[in-house]
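Next comes query28.cif, a file with mmCIF, C-alpha atoms (C1' of nucleotides).
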data_start
#
loop_
_atom_site.label_atom_id
_atom_site.label_comp_id
_atom_site.auth_asym_id
_atom_site.auth_seq_id
_atom_site.Cartn_x
_atom_site.Cartn_y
_atom_site.Cartn_z
CA MET V 953 -42.36 -23.15 -21.12
CA SER V 954 -44.94 -25.82 -20.34
CA ALA V 955 -44.46 -29.48 -19.63
CA THR V 956 -44.43 -32.04 -22.38
CA VAL V 957 -47.90 -32.68 -23.60
CA ILE V 958 -48.73 -36.35 -23.63
CA LYS V 959 -51.35 -37.84 -25.87
CA TYR V 960 -53.16 -40.74 -24.36
CA HIS V 961 -54.20 -43.75 -26.32
CA GLY V 962 -55.36 -47.07 -25.07
CA GLY V 963 -53.26 -48.19 -22.16
CA MET V 964 -51.24 -45.01 -22.07
CA THR V 965 -50.72 -43.42 -18.73
CA ARG V 966 -51.21 -39.79 -18.14
CA TRP V 967 -47.60 -39.10 -17.20
CA GLN V 968 -44.25 -40.70 -17.87
CA PRO V 969 -43.11 -42.71 -14.88
CA ASP V 970 -40.23 -41.79 -12.55
CA ALA V 971 -40.51 -38.03 -12.64
CA ARG V 972 -38.07 -37.90 -9.77
CA GLY V 973 -35.43 -39.86 -11.61
CA ARG V 974 -35.86 -37.70 -14.69
CA LEU V 975 -35.43 -34.58 -12.58
CA VAL V 976 -32.20 -35.86 -11.06
CA GLN V 977 -30.92 -36.81 -14.49
CA ALA V 978 -31.85 -33.49 -16.07
CA ALA V 979 -30.41 -31.50 -13.20
CA THR V 980 -27.11 -33.35 -13.21
CA GLU V 981 -26.71 -32.82 -16.94
CA LEU V 982 -27.50 -29.14 -16.72
CA TYR V 983 -25.28 -28.53 -13.73
CA LEU V 984 -22.37 -30.01 -15.64
CA GLU V 985 -23.24 -28.22 -18.87
CA ARG V 986 -23.85 -24.71 -17.57
CA GLY V 987 -23.04 -24.77 -13.87
CA PHE V 988 -25.31 -24.93 -10.86
CA GLY V 989 -25.75 -21.19 -10.52
CA GLN V 990 -26.59 -20.72 -14.18
CA THR V 991 -29.21 -23.45 -14.17
CA THR V 992 -32.77 -22.49 -13.28
CA VAL V 993 -35.33 -24.84 -11.85
CA ALA V 994 -37.50 -24.00 -14.83
CA GLN V 995 -34.84 -25.40 -17.16
CA ILE V 996 -34.50 -28.58 -15.12
CA ALA V 997 -38.23 -29.08 -15.04
CA GLU V 998 -38.55 -28.48 -18.75
CA ARG V 999 -35.88 -31.02 -19.61
CA ALA V 1000 -37.50 -33.52 -17.28
CA GLY V 1001 -40.89 -32.90 -18.86
CA VAL V 1002 -42.63 -31.65 -15.74
CA THR V 1003 -43.47 -28.26 -14.29
CA GLU V 1004 -41.45 -26.28 -11.79
CA ARG V 1005 -44.03 -27.00 -9.14
CA THR V 1006 -43.41 -30.70 -9.48
CA PHE V 1007 -39.71 -30.17 -8.87
CA PHE V 1008 -40.49 -28.61 -5.52
CA ARG V 1009 -42.80 -31.45 -4.62
CA TYR V 1010 -39.89 -33.89 -4.86
CA PHE V 1011 -37.14 -31.68 -3.46
CA ALA V 1012 -37.35 -29.13 -0.69
CA ASP V 1013 -35.08 -26.83 -2.65
CA LYS V 1014 -32.73 -26.69 -5.58
CA ARG V 1015 -29.77 -27.90 -3.50
CA GLU V 1016 -31.36 -30.72 -1.61
CA MET V 1017 -31.53 -32.82 -4.74
CA LEU V 1018 -27.80 -33.49 -4.51
CA PHE V 1019 -28.02 -34.84 -0.97
CA ASP V 1020 -30.42 -37.70 -1.35
CA GLY V 1021 -28.15 -40.26 0.24
CA ALA V 1022 -27.50 -38.34 3.44
CA ALA V 1023 -30.20 -40.06 5.45
CA ARG V 1024 -28.93 -43.51 4.57
CA LEU V 1025 -25.37 -42.57 5.42
CA GLN V 1026 -26.45 -41.31 8.80
CA GLN V 1027 -28.40 -44.46 9.47
CA LEU V 1028 -25.44 -46.68 8.61
CA MET V 1029 -23.05 -44.75 10.81
CA THR V 1030 -25.23 -44.47 13.88
CA ASP V 1031 -26.16 -48.14 13.62
CA ALA V 1032 -22.48 -49.00 13.47
CA VAL V 1033 -21.71 -46.95 16.56
CA THR V 1034 -24.59 -48.51 18.40
CA GLY V 1035 -23.56 -51.98 17.37
CA ALA V 1036 -19.86 -51.64 18.16
CA PRO V 1037 -18.51 -54.01 20.83
CA ALA V 1038 -19.12 -52.82 24.37
CA SER V 1039 -15.38 -52.88 24.95
CA ALA V 1040 -14.69 -50.40 22.16
CA THR V 1041 -13.49 -46.93 23.13
CA PRO V 1042 -15.40 -43.95 21.72
CA LEU V 1043 -12.89 -43.49 18.95
CA ASP V 1044 -12.92 -47.22 18.22
CA ALA V 1045 -16.68 -47.08 17.84
CA VAL V 1046 -16.34 -44.15 15.47
CA GLY V 1047 -13.80 -46.19 13.55
CA VAL V 1048 -16.38 -48.94 13.12
CA ALA V 1049 -18.78 -46.33 11.72
CA LEU V 1050 -16.14 -45.13 9.31
CA ASP V 1051 -15.75 -48.69 8.08
CA ALA V 1052 -19.45 -49.30 7.88
CA VAL V 1053 -20.08 -46.73 5.17
CA GLY V 1054 -17.55 -48.29 2.85
CA GLU V 1055 -20.33 -49.99 0.92
CA VAL V 1056 -21.82 -46.63 -0.03
CA PHE V 1057 -18.61 -45.32 -1.54
CA VAL V 1058 -18.05 -47.69 -4.39
CA ASP V 1059 -18.97 -45.75 -7.50
CA LEU V 1060 -15.95 -43.49 -7.72
CA ASP V 1061 -17.04 -41.74 -10.92
CA HIS V 1062 -20.41 -40.86 -9.51
CA SER V 1063 -18.87 -39.49 -6.33
CA ARG V 1064 -16.39 -37.44 -8.31
CA THR V 1065 -18.99 -35.95 -10.60
CA ARG V 1066 -21.15 -35.03 -7.67
CA GLN V 1067 -18.25 -33.46 -5.83
CA VAL V 1068 -17.22 -31.40 -8.84
CA ILE V 1069 -20.68 -29.88 -8.82
CA ILE V 1070 -20.70 -29.25 -5.10
CA ASP V 1071 -17.22 -27.74 -5.10
CA SER V 1072 -18.26 -25.31 -7.80
CA ASP V 1073 -20.84 -23.54 -5.69
CA ASP V 1074 -20.68 -22.03 -2.21
CA SER V 1075 -24.30 -22.63 -1.39
CA LEU V 1076 -23.87 -26.32 -2.16
CA GLN V 1077 -20.88 -26.48 0.13
CA GLU V 1078 -22.99 -24.93 2.85
CA ARG V 1079 -25.55 -27.64 2.40
CA GLU V 1080 -22.92 -30.34 2.47
CA LEU V 1081 -21.49 -28.94 5.66
CA ILE V 1082 -24.79 -28.90 7.48
CA LYS V 1083 -25.33 -32.53 6.48
CA ARG V 1084 -21.95 -33.39 7.95
CA ASP V 1085 -22.76 -31.46 11.09
CA ARG V 1086 -26.06 -33.25 11.59
CA LEU V 1087 -24.18 -36.46 11.09
CA ALA V 1088 -21.70 -35.56 13.81
CA THR V 1089 -24.56 -34.66 16.12
CA ALA V 1090 -26.25 -37.99 15.47
CA ILE V 1091 -23.03 -39.89 16.16
CA ALA V 1092 -22.44 -37.99 19.38
CA GLN V 1093 -25.97 -38.98 20.36
CA ALA V 1094 -25.26 -42.64 19.58
CA LEU V 1095 -22.08 -42.48 21.62
CA ARG V 1096 -23.95 -41.03 24.55
CA ALA V 1097 -26.41 -43.88 24.28
CA ARG V 1098 -23.42 -46.18 24.73
CA GLY V 1099 -22.63 -44.43 27.98
CA VAL V 1100 -19.93 -42.09 26.73
CA ALA V 1101 -20.02 -38.87 28.70
CA GLU V 1102 -19.63 -35.34 27.42
CA PRO V 1103 -17.45 -33.81 26.20
CA ALA V 1104 -15.84 -37.05 25.06
CA ALA V 1105 -18.86 -37.98 22.94
CA SER V 1106 -18.92 -34.68 21.04
CA LEU V 1107 -15.18 -34.60 20.63
CA ALA V 1108 -14.98 -38.15 19.33
CA ALA V 1109 -17.90 -37.53 16.95
CA GLN V 1110 -16.50 -34.25 15.62
CA THR V 1111 -13.10 -35.78 15.22
CA GLY V 1112 -14.49 -38.83 13.53
CA ILE V 1113 -16.43 -36.78 11.01
CA GLY V 1114 -13.31 -34.75 10.37
CA VAL V 1115 -11.46 -37.93 9.54
CA PHE V 1116 -14.36 -39.08 7.41
CA HIS V 1117 -14.22 -35.93 5.38
CA VAL V 1118 -10.48 -36.05 4.83
CA ALA V 1119 -10.75 -39.73 3.91
CA PHE V 1120 -13.51 -39.10 1.40
CA ALA V 1121 -11.57 -36.25 -0.19
CA ALA V 1122 -8.48 -38.44 -0.48
CA TRP V 1123 -10.54 -41.23 -1.99
CA ILE V 1124 -11.96 -39.12 -4.81
CA ALA V 1125 -8.67 -37.31 -5.44
CA PRO V 1126 -7.58 -37.69 -9.09
CA ALA V 1127 -4.45 -39.72 -8.43
CA ASN V 1128 -5.89 -42.06 -5.84
CA THR V 1129 -6.13 -45.80 -6.36
CA ARG V 1130 -6.77 -47.00 -2.80
CA SER V 1131 -10.18 -48.00 -1.52
CA TYR V 1132 -12.15 -45.75 0.78
CA ALA V 1133 -12.01 -48.24 3.65
CA ASP V 1134 -8.26 -48.47 3.35
CA ILE V 1135 -7.80 -44.73 3.47
CA ALA V 1136 -10.19 -44.21 6.34
CA ARG V 1137 -8.43 -46.77 8.49
CA SER V 1138 -5.01 -45.35 7.86
CA LEU V 1139 -6.18 -41.78 8.52
CA LEU V 1140 -7.67 -42.74 11.84
CA ALA V 1141 -4.30 -44.16 12.77
CA ASP V 1142 -2.65 -40.93 11.61
CA LEU V 1143 -5.02 -38.95 13.77
CA ARG V 1144 -4.07 -40.89 16.87
CA VAL V 1145 -0.46 -40.05 16.17
CA VAL V 1146 -1.17 -36.36 15.59
CA ALA V 1147 -3.24 -36.12 18.75
CA ALA V 1148 -0.62 -37.95 20.78
CA THR V 1149 1.96 -35.24 20.17
CA MET T 723 -42.23 1.98 2.06
CA SER T 724 -39.61 4.57 1.22
CA ALA T 725 -36.61 5.69 3.25
CA THR T 726 -36.86 8.44 5.79
CA VAL T 727 -37.00 11.79 4.08
CA ILE T 728 -34.45 14.19 5.45
CA LYS T 729 -34.82 17.95 5.23
CA TYR T 730 -31.57 19.74 4.76
CA HIS T 731 -30.83 23.02 6.38
CA GLY T 732 -27.54 24.78 6.79
CA GLY T 733 -24.84 22.29 7.64
CA MET T 734 -27.11 19.30 7.46
CA THR T 735 -25.83 16.28 5.61
CA ARG T 736 -27.88 14.45 3.10
CA TRP T 737 -27.97 11.20 5.05
CA GLN T 738 -27.66 10.12 8.64
CA PRO T 739 -24.22 8.66 9.33
CA ASP T 740 -23.44 5.00 10.01
CA ALA T 741 -26.05 3.37 7.83
CA ARG T 742 -24.29 0.06 8.34
CA GLY T 743 -24.51 0.29 12.10
CA ARG T 744 -28.19 1.17 11.91
CA LEU T 745 -28.81 -1.80 9.66
CA VAL T 746 -27.13 -4.18 12.10
CA GLN T 747 -29.06 -2.70 14.97
CA ALA T 748 -32.40 -2.84 13.17
CA ALA T 749 -31.82 -6.37 11.97
CA THR T 750 -30.86 -7.69 15.37
CA GLU T 751 -33.95 -6.18 16.94
CA LEU T 752 -36.23 -7.58 14.28
CA TYR T 753 -34.68 -11.03 14.34
CA LEU T 754 -35.32 -11.20 18.07
CA GLU T 755 -38.80 -9.75 17.82
CA ARG T 756 -40.20 -11.79 14.93
CA GLY T 757 -37.53 -14.32 14.02
CA PHE T 758 -35.05 -14.36 11.19
CA GLY T 759 -37.33 -16.09 8.72
CA GLN T 760 -40.22 -13.77 9.37
CA THR T 761 -38.12 -10.65 8.92
CA THR T 762 -37.81 -9.22 5.43
CA VAL T 763 -34.95 -7.11 4.21
CA ALA T 764 -37.50 -4.42 3.42
CA GLN T 765 -38.45 -4.25 7.09
CA ILE T 766 -34.83 -4.02 8.20
CA ALA T 767 -34.11 -1.28 5.69
CA GLU T 768 -37.17 0.67 6.68
CA ARG T 769 -36.30 0.59 10.38
CA ALA T 770 -32.76 1.66 9.57
CA GLY T 771 -34.04 4.49 7.40
CA VAL T 772 -32.48 3.33 4.14
CA THR T 773 -33.68 1.42 1.11
CA GLU T 774 -33.39 -2.29 0.46
CA ARG T 775 -30.75 -1.62 -2.15
CA THR T 776 -28.52 -0.05 0.44
CA PHE T 777 -28.77 -3.13 2.62
CA PHE T 778 -27.35 -5.22 -0.20
CA ARG T 779 -24.54 -2.75 -0.74
CA TYR T 780 -23.31 -3.37 2.79
CA PHE T 781 -24.05 -7.08 3.06
CA ALA T 782 -23.77 -9.70 0.37
CA ASP T 783 -26.97 -11.29 1.60
CA LYS T 784 -29.39 -11.37 4.47
CA ARG T 785 -27.31 -13.87 6.43
CA GLU T 786 -23.87 -12.43 5.99
CA MET T 787 -24.70 -9.58 8.31
CA LEU T 788 -24.40 -11.88 11.31
CA PHE T 789 -20.90 -12.98 10.39
CA ASP T 790 -19.07 -9.70 10.31
CA GLY T 791 -16.37 -10.82 12.71
CA ALA T 792 -15.37 -13.94 10.81
CA ALA T 793 -12.53 -12.32 8.90
CA ARG T 794 -10.94 -10.96 12.05
CA LEU T 795 -11.25 -14.31 13.81
CA GLN T 796 -9.55 -16.03 10.92
CA GLN T 797 -6.76 -13.47 10.90
CA LEU T 798 -6.13 -13.91 14.60
CA MET T 799 -6.00 -17.68 14.39
CA THR T 800 -3.77 -17.97 11.36
CA ASP T 801 -1.41 -15.36 12.77
CA ALA T 802 -1.21 -17.35 15.97
CA VAL T 803 -0.42 -20.55 14.13
CA THR T 804 2.22 -18.81 12.08
CA GLY T 805 3.74 -17.19 15.13
CA ALA T 806 3.79 -20.28 17.34
CA PRO T 807 7.25 -21.44 18.47
CA ALA T 808 9.07 -23.51 15.90
CA SER T 809 9.28 -26.32 18.41
CA ALA T 810 5.49 -26.56 18.77
CA THR T 811 3.76 -29.65 17.37
CA PRO T 812 0.86 -29.08 14.96
CA LEU T 813 -1.67 -29.55 17.74
CA ASP T 814 0.32 -27.25 20.01
CA ALA T 815 0.22 -24.56 17.34
CA VAL T 816 -3.51 -25.01 17.02
CA GLY T 817 -3.71 -24.67 20.79
CA VAL T 818 -1.99 -21.31 20.53
CA ALA T 819 -4.59 -20.24 17.98
CA LEU T 820 -7.38 -21.36 20.30
CA ASP T 821 -5.90 -19.16 23.00
CA ALA T 822 -5.35 -16.23 20.69
CA VAL T 823 -9.02 -15.65 20.00
CA GLY T 824 -9.86 -15.34 23.68
CA GLU T 825 -9.91 -11.57 23.37
CA VAL T 826 -12.77 -11.75 20.88
CA PHE T 827 -14.99 -13.77 23.16
CA VAL T 828 -15.52 -11.45 26.06
CA ASP T 829 -19.04 -10.12 25.65
CA LEU T 830 -20.96 -13.20 26.73
CA ASP T 831 -24.40 -11.61 26.32
CA HIS T 832 -23.69 -10.52 22.80
CA SER T 833 -22.43 -13.96 21.84
CA ARG T 834 -25.46 -15.62 23.39
CA THR T 835 -27.93 -13.35 21.63
CA ARG T 836 -26.22 -13.92 18.34
CA GLN T 837 -26.19 -17.67 18.84
CA VAL T 838 -29.86 -17.75 19.74
CA ILE T 839 -30.60 -16.17 16.38
CA ILE T 840 -28.31 -18.51 14.46
CA ASP T 841 -29.64 -21.60 16.19
CA SER T 842 -33.16 -20.63 15.24
CA ASP T 843 -32.61 -20.92 11.52
CA ASP T 844 -31.11 -23.66 9.37
CA SER T 845 -29.80 -21.35 6.70
CA LEU T 846 -27.89 -19.38 9.33
CA GLN T 847 -26.37 -22.56 10.65
CA GLU T 848 -25.26 -23.38 7.13
CA ARG T 849 -23.54 -20.05 6.91
CA GLU T 850 -21.87 -20.52 10.26
CA LEU T 851 -20.59 -23.90 9.21
CA ILE T 852 -19.02 -22.67 6.01
CA LYS T 853 -17.26 -19.95 7.98
CA ARG T 854 -15.87 -22.61 10.30
CA ASP T 855 -14.82 -24.70 7.36
CA ARG T 856 -12.99 -21.84 5.68
CA LEU T 857 -11.32 -21.22 9.01
CA ALA T 858 -10.13 -24.81 9.18
CA THR T 859 -8.82 -24.58 5.64
CA ALA T 860 -6.92 -21.40 6.46
CA ILE T 861 -5.39 -22.99 9.54
CA ALA T 862 -4.35 -26.06 7.61
CA GLN T 863 -2.70 -23.71 5.15
CA ALA T 864 -0.85 -21.93 7.95
CA LEU T 865 0.30 -25.26 9.34
CA ARG T 866 1.60 -26.30 5.94
CA ALA T 867 3.52 -23.05 5.79
CA ARG T 868 5.18 -24.17 9.03
CA GLY T 869 6.30 -27.30 7.28
CA VAL T 870 3.60 -29.64 8.54
CA ALA T 871 2.85 -32.26 5.92
CA GLU T 872 -0.50 -33.61 4.84
CA PRO T 873 -2.59 -35.22 6.13
CA ALA T 874 -1.35 -34.05 9.52
CA ALA T 875 -2.04 -30.41 8.72
CA SER T 876 -5.66 -31.01 7.70
CA LEU T 877 -6.30 -33.38 10.57
CA ALA T 878 -4.87 -31.02 13.16
CA ALA T 879 -6.81 -28.09 11.70
CA GLN T 880 -10.10 -29.97 11.52
CA THR T 881 -9.62 -31.29 14.98
CA GLY T 882 -8.69 -27.90 16.33
CA ILE T 883 -11.76 -26.27 14.86
CA GLY T 884 -13.84 -29.06 16.33
CA VAL T 885 -12.43 -28.28 19.75
CA PHE T 886 -12.99 -24.59 19.13
CA HIS T 887 -16.63 -25.20 18.40
CA VAL T 888 -17.23 -27.38 21.42
CA ALA T 889 -15.41 -24.85 23.58
CA PHE T 890 -17.45 -21.95 22.28
CA ALA T 891 -20.68 -23.84 22.84
CA ALA T 892 -19.65 -24.67 26.40
CA TRP T 893 -18.72 -21.07 27.03
CA ILE T 894 -22.11 -19.65 26.05
CA ALA T 895 -24.03 -22.46 27.74
CA PRO T 896 -26.54 -21.07 30.27
CA ALA T 897 -24.92 -22.52 33.37
CA ASN T 898 -21.34 -21.74 32.50
CA THR T 899 -19.17 -19.42 34.56
CA ARG T 900 -15.72 -20.28 33.22
CA SER T 901 -13.84 -18.15 30.70
CA TYR T 902 -13.51 -19.18 27.10
CA ALA T 903 -9.73 -19.55 27.34
CA ASP T 904 -10.09 -21.81 30.32
CA ILE T 905 -12.57 -24.07 28.61
CA ALA T 906 -10.64 -24.25 25.37
CA ARG T 907 -7.45 -25.30 27.13
CA SER T 908 -9.14 -28.01 29.13
CA LEU T 909 -10.98 -29.36 26.09
CA LEU T 910 -7.80 -29.66 24.12
CA ALA T 911 -6.39 -31.72 26.95
CA ASP T 912 -9.56 -33.85 26.91
CA LEU T 913 -9.13 -34.39 23.22
CA ARG T 914 -5.63 -35.72 23.64
CA VAL T 915 -6.97 -38.21 26.12
CA VAL T 916 -9.84 -39.27 23.89
CA ALA T 917 -7.57 -39.69 20.89
CA ALA T 918 -5.04 -41.62 22.92
CA THR T 919 -7.49 -44.43 23.66
"C1'" DA I 711 -17.37 28.49 -10.52
"C1'" DC I 712 -16.73 23.67 -11.91
"C1'" DA I 713 -15.81 18.87 -12.39
"C1'" DG I 714 -15.35 14.56 -10.00
"C1'" DT I 715 -16.54 11.31 -6.30
"C1'" DG I 716 -19.18 8.55 -3.33
"C1'" DA I 717 -23.14 7.11 -0.82
"C1'" DT I 718 -27.58 6.65 -1.67
"C1'" DG I 719 -32.14 6.32 -4.19
"C1'" DT I 720 -35.14 4.54 -8.02
"C1'" DC I 721 -36.75 1.16 -10.95
"C1'" DA I 722 -37.26 -2.86 -13.53
"C1'" DG I 723 -36.14 -7.47 -13.80
"C1'" DT I 724 -34.99 -12.53 -12.55
"C1'" DT I 725 -35.48 -16.51 -9.79
"C1'" DA I 726 -36.40 -19.46 -5.82
"C1'" DC I 727 -40.07 -20.98 -3.41
"C1'" DT I 728 -45.21 -21.38 -1.52
"C1'" DG I 729 -50.28 -21.89 -1.07
"C1'" DA I 730 -54.71 -22.78 -3.10
"C1'" DC I 731 -57.22 -24.93 -6.21
"C1'" DA I 732 -58.18 -27.72 -10.66
"C1'" DT I 733 -57.74 -31.96 -13.47
"C1'" DG I 734 -58.06 -36.49 -14.96
"C1'" DA I 735 -56.41 -41.46 -15.08
"C1'" DC I 736 -56.77 -45.14 -12.22
"C1'" DA I 737 -58.41 -48.27 -8.44
"C1'" DA I 738 -61.80 -49.80 -5.25
"C1'" DC I 739 -66.08 -50.84 -4.46
"C1'" DA I 740 -71.14 -50.91 -4.68
"C1'" DT E 312 -71.54 -50.58 -14.77
"C1'" DG E 313 -71.58 -46.60 -12.43
"C1'" DT E 314 -69.78 -43.92 -8.46
"C1'" DT E 315 -66.50 -42.20 -5.63
"C1'" DG E 316 -61.93 -41.26 -3.87
"C1'" DT E 317 -57.10 -40.85 -4.33
"C1'" DC E 318 -52.88 -39.34 -6.12
"C1'" DA E 319 -49.62 -37.24 -9.06
"C1'" DT E 320 -49.47 -33.45 -11.57
"C1'" DG E 321 -50.77 -28.91 -13.62
"C1'" DT E 322 -52.18 -23.95 -13.23
"C1'" DC E 323 -51.94 -19.61 -11.30
"C1'" DA E 324 -51.01 -15.90 -8.38
"C1'" DG E 325 -48.12 -14.24 -5.01
"C1'" DT E 326 -43.88 -13.12 -1.91
"C1'" DA E 327 -39.16 -12.04 -1.15
"C1'" DA E 328 -34.19 -12.31 -2.06
"C1'" DC E 329 -31.12 -10.48 -4.89
"C1'" DT E 330 -28.95 -7.77 -9.27
"C1'" DG E 331 -27.84 -4.33 -12.84
"C1'" DA E 332 -28.35 0.21 -14.75
"C1'" DC E 333 -28.88 4.66 -14.11
"C1'" DA E 334 -30.13 9.08 -11.45
"C1'" DT E 335 -29.26 12.36 -7.66
"C1'" DC E 336 -26.83 15.57 -4.96
"C1'" DA E 337 -23.92 17.01 -0.91
"C1'" DC E 338 -19.27 17.37 -0.56
"C1'" DT E 339 -14.30 18.08 -1.98
"C1'" DG E 340 -10.63 19.81 -4.37
"C1'" DT E 341 -9.01 22.93 -7.89
#
Take the structure from the file and write it as structure tokens.
Amino acid sequence: MSATVIKYHGGMTRWQPDARGRLVQAATELYLERGFGQTTVAQIAERAGVTERTFFRYFADKREMLFDGAARLQQLMTDAVTGAPASATPLDAVGVALDAVGEVFVDLDHSRTRQVIIDSDDSLQERELIKRDRLATAIAQALRARGVAEPAASLAAQTGIGVFHVAFAAWIAPANTRSYADIARSLLADLRVVAAT
Amino acid sequence: MSATVIKYHGGMTRWQPDARGRLVQAATELYLERGFGQTTVAQIAERAGVTERTFFRYFADKREMLFDGAARLQQLMTDAVTGAPASATPLDAVGVALDAVGEVFVDLDHSRTRQVIIDSDDSLQERELIKRDRLATAIAQALRARGVAEPAASLAAQTGIGVFHVAFAAWIAPANTRSYADIARSLLADLRVVAAT
DNA sequence: ACAGTGATGTCAGTTACTGACATGACAACA
DNA sequence: TGTTGTCATGTCAGTAACTGACATCACTGT
């Protein structure tokens, strides 16, 4: 019901540190134990030793917690597009962006766990999709800044994000043993073939 | 507060007909007047002359009401993919599907109004995106049924939906005078060019 | 007449989320 | 050493989306 009561003695701080980290930890556990939909914010907060109100100070809503890394991903990709060689075609530049995020996708277990949770709930999929969409918009913007005209910029960005998604899914697939970067590169090649026919 | 009280006389029915239609009408008006986020379901229900509970019997949630046509769209597109000539490449088949939905996009004003509402609210954009995603999944499925292997099926479907989205956006753009079918066809051609480089 | 059906109403409850204000350990500074 | 401010958190009251259970009553068929 109420947050953990902490007794202070000399040198003790009023609250345990890293409330945010504890919330993420508690939420992940509960989502796996009982499912996202069956987990209330009150339960998460209780397990983390804070109040519900504190949860909403760290996360805009119950779903947002699972999309912490989105901003960094977007930064990496747009930087890559911007930094691609001037000679690169739009799709080449997108390919560079696809490569650039390889460093983020290293912890396969973590990515799988997270995806299991997301795939189990429609509202989480909605949130994931809007993140992807904003990403595509940002990439289109970066392409335009390189001088790519519309609709080529939007098409290349949309297409690139599509490839990104398929690549990520293939990477976390149960049987897979290839690296993300490997898969992404080969899928982009596949796409060129598909589009050429 | 409570629904319109109806006095019954000879031959009078207990409730006005077409509660669903009245709800759609009332909601659209209110969304335009005060914005989606500032409109409560209670207000919609009151204007439509029913109770809140009735609203939720017709629509799974407040957002779903704006996506009535999604099922029909999906049916049209998957049927088109399935019915495309056996000789058609995956992207050709998707092109047929893009054409097939032309009949749905005729009332430009209606589409614009609807899009204005959706664009004004993040949660509505989320819902729109998941509809698009389910559409892409269904098309990939239809392609697989034609014998298209993965990842070509997913790539063609994703790509096709990307083109669909860009085409739709171009069609409802303020300055546009071209037809949806026209735009969609030319964008698909653009895509082939972009992907070929 | 009578029983069954279907669309609606009523009501009570849960849960996500928000705004306003209180608290108290700590740090900075006088 | 005392004062003052800041910051993370707690407390509390409220709104609004949604759900389940049950009641109502015109209509329909027998």
_Please enumerate the residues selected by the PyMOL selection byres ((chain I) within 8 of (chain V)) when evaluated against the supplied file, formatted as a list in words._
DT725, DC727 and DA735 of chain I
Write to file, as a PDB file, keeping the file's coordinate frame, the residues of the selection just made, with C-alpha atoms (C1' of nucleotides).
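As written to disk, out06.pdb reads:
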ATOM      1  C1'  DT I 725     -35.480 -16.510  -9.790  1.00  0.00           C
ATOM      2  C1'  DC I 727     -40.070 -20.980  -3.410  1.00  0.00           C
ATOM      3  C1'  DA I 735     -56.410 -41.460 -15.080  1.00  0.00           C
TER       4       DA I 735
END
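Near (-8.2, -26.2, 27.4), the residues inside the 10 Å limit, counting only C-alpha atoms (C1' of nucleotides), come to Gly817, Leu820, Asp821, Val885, Phe886, Ala889, Tyr902, Ala903, Asp904, Ile905, Ala906, Arg907, Ser908, Leu909, Leu910, Ala911, Asp912 and Leu913 of chain T.
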*Exactly which residues make up the result of the PyMOL selection byres ((chain E) within 12 of (chain T)) on this file, given as a list in words?*
DT326, DA327, DA328, DC329, DT330, DG331, DT335, DC336, DA337 and DC338 of chain E
*Contact set, chain T to chain V: 7 Å, only C-alpha atoms, as a ChimeraX atom specification*: /T:811,813,848-849,851-852,874,877-878,880-881,884-885,913-914,916-919
*Would you mind listing what lies within 12 Å of DA319 of chain E as a list in words, with all atoms listed in the file counted and same-chain residues fewer than 3 positions away left out?*
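Contacts, in chain order: Thr965, Arg966, Trp967, Gln968, Pro969, Asp970, Ala971, Arg972, Val1002, Arg1005, Thr1006, Arg1009 and Tyr1010 of chain V; DT733, DG734, DA735 and DC736 of chain I.
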_So the first atom is atom CA of Asp843 of chain T and the second is atom CA of Phe758 of chain T; what is the distance between them in Å, to one decimal place?_
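Distance reported for this atom pair: 7.0 Å.
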Which residues come within 12 Å of Arg834 of chain T, counting only C-alpha atoms (C1' of nucleotides), excluding same-chain residues fewer than 4 positions away, as a PDB file with C-alpha atoms, keeping the file's coordinate frame?
ATOM      1  CA  PHE T 827     -14.990 -13.770  23.160  1.00  0.00           C
ATOM      2  CA  VAL T 828     -15.520 -11.450  26.060  1.00  0.00           C
ATOM      3  CA  ASP T 829     -19.040 -10.120  25.650  1.00  0.00           C
ATOM      4  CA  LEU T 830     -20.960 -13.200  26.730  1.00  0.00           C
ATOM      5  CA  VAL T 838     -29.860 -17.750  19.740  1.00  0.00           C
ATOM      6  CA  ILE T 839     -30.600 -16.170  16.380  1.00  0.00           C
ATOM      7  CA  ILE T 840     -28.310 -18.510  14.460  1.00  0.00           C
ATOM      8  CA  ASP T 841     -29.640 -21.600  16.190  1.00  0.00           C
ATOM      9  CA  PHE T 890     -17.450 -21.950  22.280  1.00  0.00           C
ATOM     10  CA  ALA T 891     -20.680 -23.840  22.840  1.00  0.00           C
ATOM     11  CA  ALA T 892     -19.650 -24.670  26.400  1.00  0.00           C
ATOM     12  CA  TRP T 893     -18.720 -21.070  27.030  1.00  0.00           C
ATOM     13  CA  ILE T 894     -22.110 -19.650  26.050  1.00  0.00           C
ATOM     14  CA  ALA T 895     -24.030 -22.460  27.740  1.00  0.00           C
ATOM     15  CA  PRO T 896     -26.540 -21.070  30.270  1.00  0.00           C
ATOM     16  CA  ASN T 898     -21.340 -21.740  32.500  1.00  0.00           C
TER      17      ASN T 898
END
*How many Å lie between atom CA of Ala1032 of chain V and atom CA of Val1048 of chain V, rounded to one decimal?*
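Computing the Euclidean distance for atom CA of Ala1032 of chain V and atom CA of Val1048 of chain V yields 6.1 Å.
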*Any chance you could work out the residue set of the PyMOL selection byres ((chain E and resi 332) around 12) here, as a PyMOL selection string?*
(chain I and resi 720-723) or (chain E and resi 330-331+333-334)
*asked:* I'd like the interatomic distance between atom CA of Ser842 of chain T and atom C1' of DA726 of chain I, to a tenth of an Å.
replied: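 Between atom CA of Ser842 of chain T and atom C1' of DA726 of chain I the gap works out to 21.3 Å.
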